[in-house]
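Source file: entry.pdb. Holds: PDB, C-alpha atoms, pLDDT in the B column.
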ATOM      1  CA  MET A   1      69.900 117.540 110.851  1.00 63.00           C
ATOM      2  CA  ASP A   2      72.930 118.499 112.944  1.00 87.00           C
ATOM      3  CA  ASP A   3      74.612 115.115 113.419  1.00 93.00           C
ATOM      4  CA  VAL A   4      75.290 112.357 110.897  1.00 96.00           C
ATOM      5  CA  VAL A   5      76.850 109.000 111.751  1.00 95.00           C
ATOM      6  CA  ILE A   6      78.038 106.816 108.866  1.00 97.00           C
ATOM      7  CA  LEU A   7      78.478 103.154 109.746  1.00 96.00           C
ATOM      8  CA  GLY A   8      81.227 101.578 107.681  1.00 94.00           C
ATOM      9  CA  ALA A   9      84.391 103.270 106.475  1.00 93.00           C
ATOM     10  CA  GLY A  10      84.785 101.460 103.186  1.00 91.00           C
ATOM     11  CA  GLN A  11      84.802 103.311  99.892  1.00 92.00           C
ATOM     12  CA  ALA A  12      81.066 104.078 100.035  1.00 95.00           C
ATOM     13  CA  GLY A  13      81.166 105.421 103.597  1.00 96.00           C
ATOM     14  CA  VAL A  14      84.172 107.649 102.956  1.00 96.00           C
ATOM     15  CA  GLN A  15      82.630 108.954  99.734  1.00 96.00           C
ATOM     16  CA  VAL A  16      79.357 109.804 101.508  1.00 97.00           C
ATOM     17  CA  ALA A  17      81.300 111.741 104.154  1.00 97.00           C
ATOM     18  CA  ASP A  18      83.302 113.549 101.470  1.00 96.00           C
ATOM     19  CA  SER A  19      80.172 114.340  99.440  1.00 97.00           C
ATOM     20  CA  LEU A  20      78.365 115.720 102.479  1.00 96.00           C
ATOM     21  CA  ARG A  21      81.247 118.048 103.291  1.00 95.00           C
ATOM     22  CA  THR A  22      81.823 119.215  99.720  1.00 96.00           C
ATOM     23  CA  GLY A  23      78.049 119.655  99.377  1.00 96.00           C
ATOM     24  CA  GLY A  24      78.036 122.117 102.254  1.00 95.00           C
ATOM     25  CA  PHE A  25      76.968 120.009 105.249  1.00 96.00           C
ATOM     26  CA  THR A  26      78.367 121.729 108.341  1.00 95.00           C
ATOM     27  CA  GLY A  27      76.957 119.541 111.126  1.00 95.00           C
ATOM     28  CA  HIS A  28      78.851 117.000 113.186  1.00 96.00           C
ATOM     29  CA  LEU A  29      79.944 114.092 110.990  1.00 97.00           C
ATOM     30  CA  THR A  30      81.177 110.764 112.392  1.00 96.00           C
ATOM     31  CA  LEU A  31      82.544 107.872 110.337  1.00 96.00           C
ATOM     32  CA  VAL A  32      82.616 104.561 112.256  1.00 96.00           C
ATOM     33  CA  SER A  33      84.760 101.542 111.365  1.00 95.00           C
ATOM     34  CA  ASP A  34      85.356  98.339 113.286  1.00 94.00           C
ATOM     35  CA  GLU A  35      88.808  98.087 111.689  1.00 91.00           C
ATOM     36  CA  THR A  36      91.703  99.547 113.660  1.00 90.00           C
ATOM     37  CA  VAL A  37      93.350 101.265 110.688  1.00 88.00           C
ATOM     38  CA  PRO A  38      92.217 104.271 108.635  1.00 90.00           C
ATOM     39  CA  PRO A  39      90.024 103.482 105.611  1.00 92.00           C
ATOM     40  CA  TYR A  40      91.958 101.899 102.750  1.00 87.00           C
ATOM     41  CA  GLN A  41      91.356 100.721  99.202  1.00 84.00           C
ATOM     42  CA  ARG A  42      90.415  97.101  98.810  1.00 77.00           C
ATOM     43  CA  PRO A  43      91.978  96.252  95.463  1.00 66.00           C
ATOM     44  CA  PRO A  44      91.811  92.801  93.920  1.00 63.00           C
ATOM     45  CA  LEU A  45      94.479  90.634  95.531  1.00 61.00           C
ATOM     46  CA  SER A  46      97.706  91.127  93.651  1.00 58.00           C
ATOM     47  CA  LYS A  47     101.337  90.454  94.367  1.00 56.00           C
ATOM     48  CA  ASP A  48     101.957  94.113  93.509  1.00 57.00           C
ATOM     49  CA  TYR A  49     100.299  95.085  96.809  1.00 56.00           C
ATOM     50  CA  MET A  50     102.392  92.789  98.963  1.00 59.00           C
ATOM     51  CA  LEU A  51     105.720  93.307 100.654  1.00 60.00           C
ATOM     52  CA  PRO A  52     108.386  90.610 100.344  1.00 63.00           C
ATOM     53  CA  ASP A  53     107.368  89.235 103.759  1.00 66.00           C
ATOM     54  CA  GLY A  54     103.788  88.719 102.519  1.00 61.00           C
ATOM     55  CA  GLN A  55     102.216  91.674 104.305  1.00 66.00           C
ATOM     56  CA  LEU A  56      99.596  93.641 102.423  1.00 64.00           C
ATOM     57  CA  VAL A  57     100.172  97.317 101.751  1.00 65.00           C
ATOM     58  CA  PRO A  58      96.726  98.638 100.825  1.00 74.00           C
ATOM     59  CA  PRO A  59      96.676 102.236  99.626  1.00 81.00           C
ATOM     60  CA  PRO A  60      94.597 104.620 101.761  1.00 89.00           C
ATOM     61  CA  LEU A  61      91.276 105.932 100.436  1.00 91.00           C
ATOM     62  CA  ARG A  62      92.228 109.470 101.461  1.00 94.00           C
ATOM     63  CA  ALA A  63      95.314 111.084 102.953  1.00 93.00           C
ATOM     64  CA  ASP A  64      95.340 111.046 106.761  1.00 88.00           C
ATOM     65  CA  ARG A  65      94.851 114.807 106.914  1.00 95.00           C
ATOM     66  CA  PHE A  66      91.609 114.565 104.871  1.00 96.00           C
ATOM     67  CA  TYR A  67      89.567 113.569 107.928  1.00 96.00           C
ATOM     68  CA  THR A  68      90.963 116.390 110.051  1.00 95.00           C
ATOM     69  CA  ASP A  69      90.733 118.991 107.278  1.00 96.00           C
ATOM     70  CA  ALA A  70      87.107 117.992 106.515  1.00 96.00           C
ATOM     71  CA  ASP A  71      86.212 117.927 110.239  1.00 96.00           C
ATOM     72  CA  ILE A  72      85.206 114.259 110.063  1.00 96.00           C
ATOM     73  CA  ASP A  73      85.334 112.365 113.341  1.00 96.00           C
ATOM     74  CA  LEU A  74      86.903 109.072 112.213  1.00 96.00           C
ATOM     75  CA  ARG A  75      86.426 106.367 114.826  1.00 95.00           C
ATOM     76  CA  THR A  76      88.385 103.219 114.106  1.00 94.00           C
ATOM     77  CA  GLY A  77      88.169 100.068 116.161  1.00 95.00           C
ATOM     78  CA  ALA A  78      84.532 100.858 117.022  1.00 94.00           C
ATOM     79  CA  ARG A  79      81.770  98.355 116.302  1.00 90.00           C
ATOM     80  CA  ALA A  80      78.180  99.522 115.911  1.00 88.00           C
ATOM     81  CA  THR A  81      75.900  97.472 118.154  1.00 89.00           C
ATOM     82  CA  GLY A  82      72.642  99.182 117.266  1.00 84.00           C
ATOM     83  CA  ILE A  83      71.076 101.952 115.275  1.00 81.00           C
TER      84      ILE A  83
END
Encoded form (structure tokens):
Amino acid sequence: MDDVVILGAGQAGVQVADSLRTGGFTGHLTLVSDETVPPYQRPPLSKDYMLPDGQLVPPPLRADRFYTDADIDLRTGARATGI
């Protein structure tokens, strides 16, 4: 298995990608998300996560450099239409 595509960049998808890399997988790894922003935590709604103007500030699941450092091809704004 040389290529792995993970559909969904929520907590489970990001953790699978991380586990594959830390487990020694060296093939091409792609993480696909239909959202246009990097994967982020989805905490219970709380005023602590909101700016004064009402915008949410969700914390990222991993630092931006994680995907580059782990050689994970993160594709945001891409919707899977078939498998």
Please identify all polymer residues within 9 Å of A:Asp2, counting all atoms listed in the file, omitting same-chain residues fewer than 2 positions from it, and present them as a list of chain:residue names. A:Val4, A:Phe25, A:Thr26, A:Gly27, A:His28, A:Leu29
Would you mind listing what lies within 10 Å of A:Arg62 as a VMD selection string, with only C-alpha atoms counted and same-chain residues fewer than 6 positions away left out? chain A and resid 11 14 to 15 18 38 to 41
With all atoms listed in the file as the counted atoms, please give the residues lying no more than 8 Å from A:Glu35, apart from itself and same-chain residues fewer than 5 positions off, as a list of chain:residue names. A:Thr76, A:Gly77, A:Ala78
Contacts of A:Ser33 at 10 Å (all atoms listed in the file; same-chain gap of 6+ positions) as a ChimeraX atom specification: /A:6-10,13,39,74-80
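Coordinates place atom CA of A:Arg42 at a distance of 23.3 Å from atom CA of A:Arg21.
The interatomic distance for the pair atom CA of A:Ser19 and atom CA of A:Phe66 works out to 12.7 Å.
Minimum distance to A:Pro59 across A:Ala17, A:Ile72, A:Leu31, A:Val37 (counting all atoms listed in the file) occurs at A:Val37.
Atom CA of A:Asp69 lies 15.7 Å from atom CA of A:Val16.
Minimum distance to A:Thr30 across A:Asp73, A:Asp3, A:Tyr67, A:Ile83 (counting all atoms listed in the file) occurs at A:Asp73.
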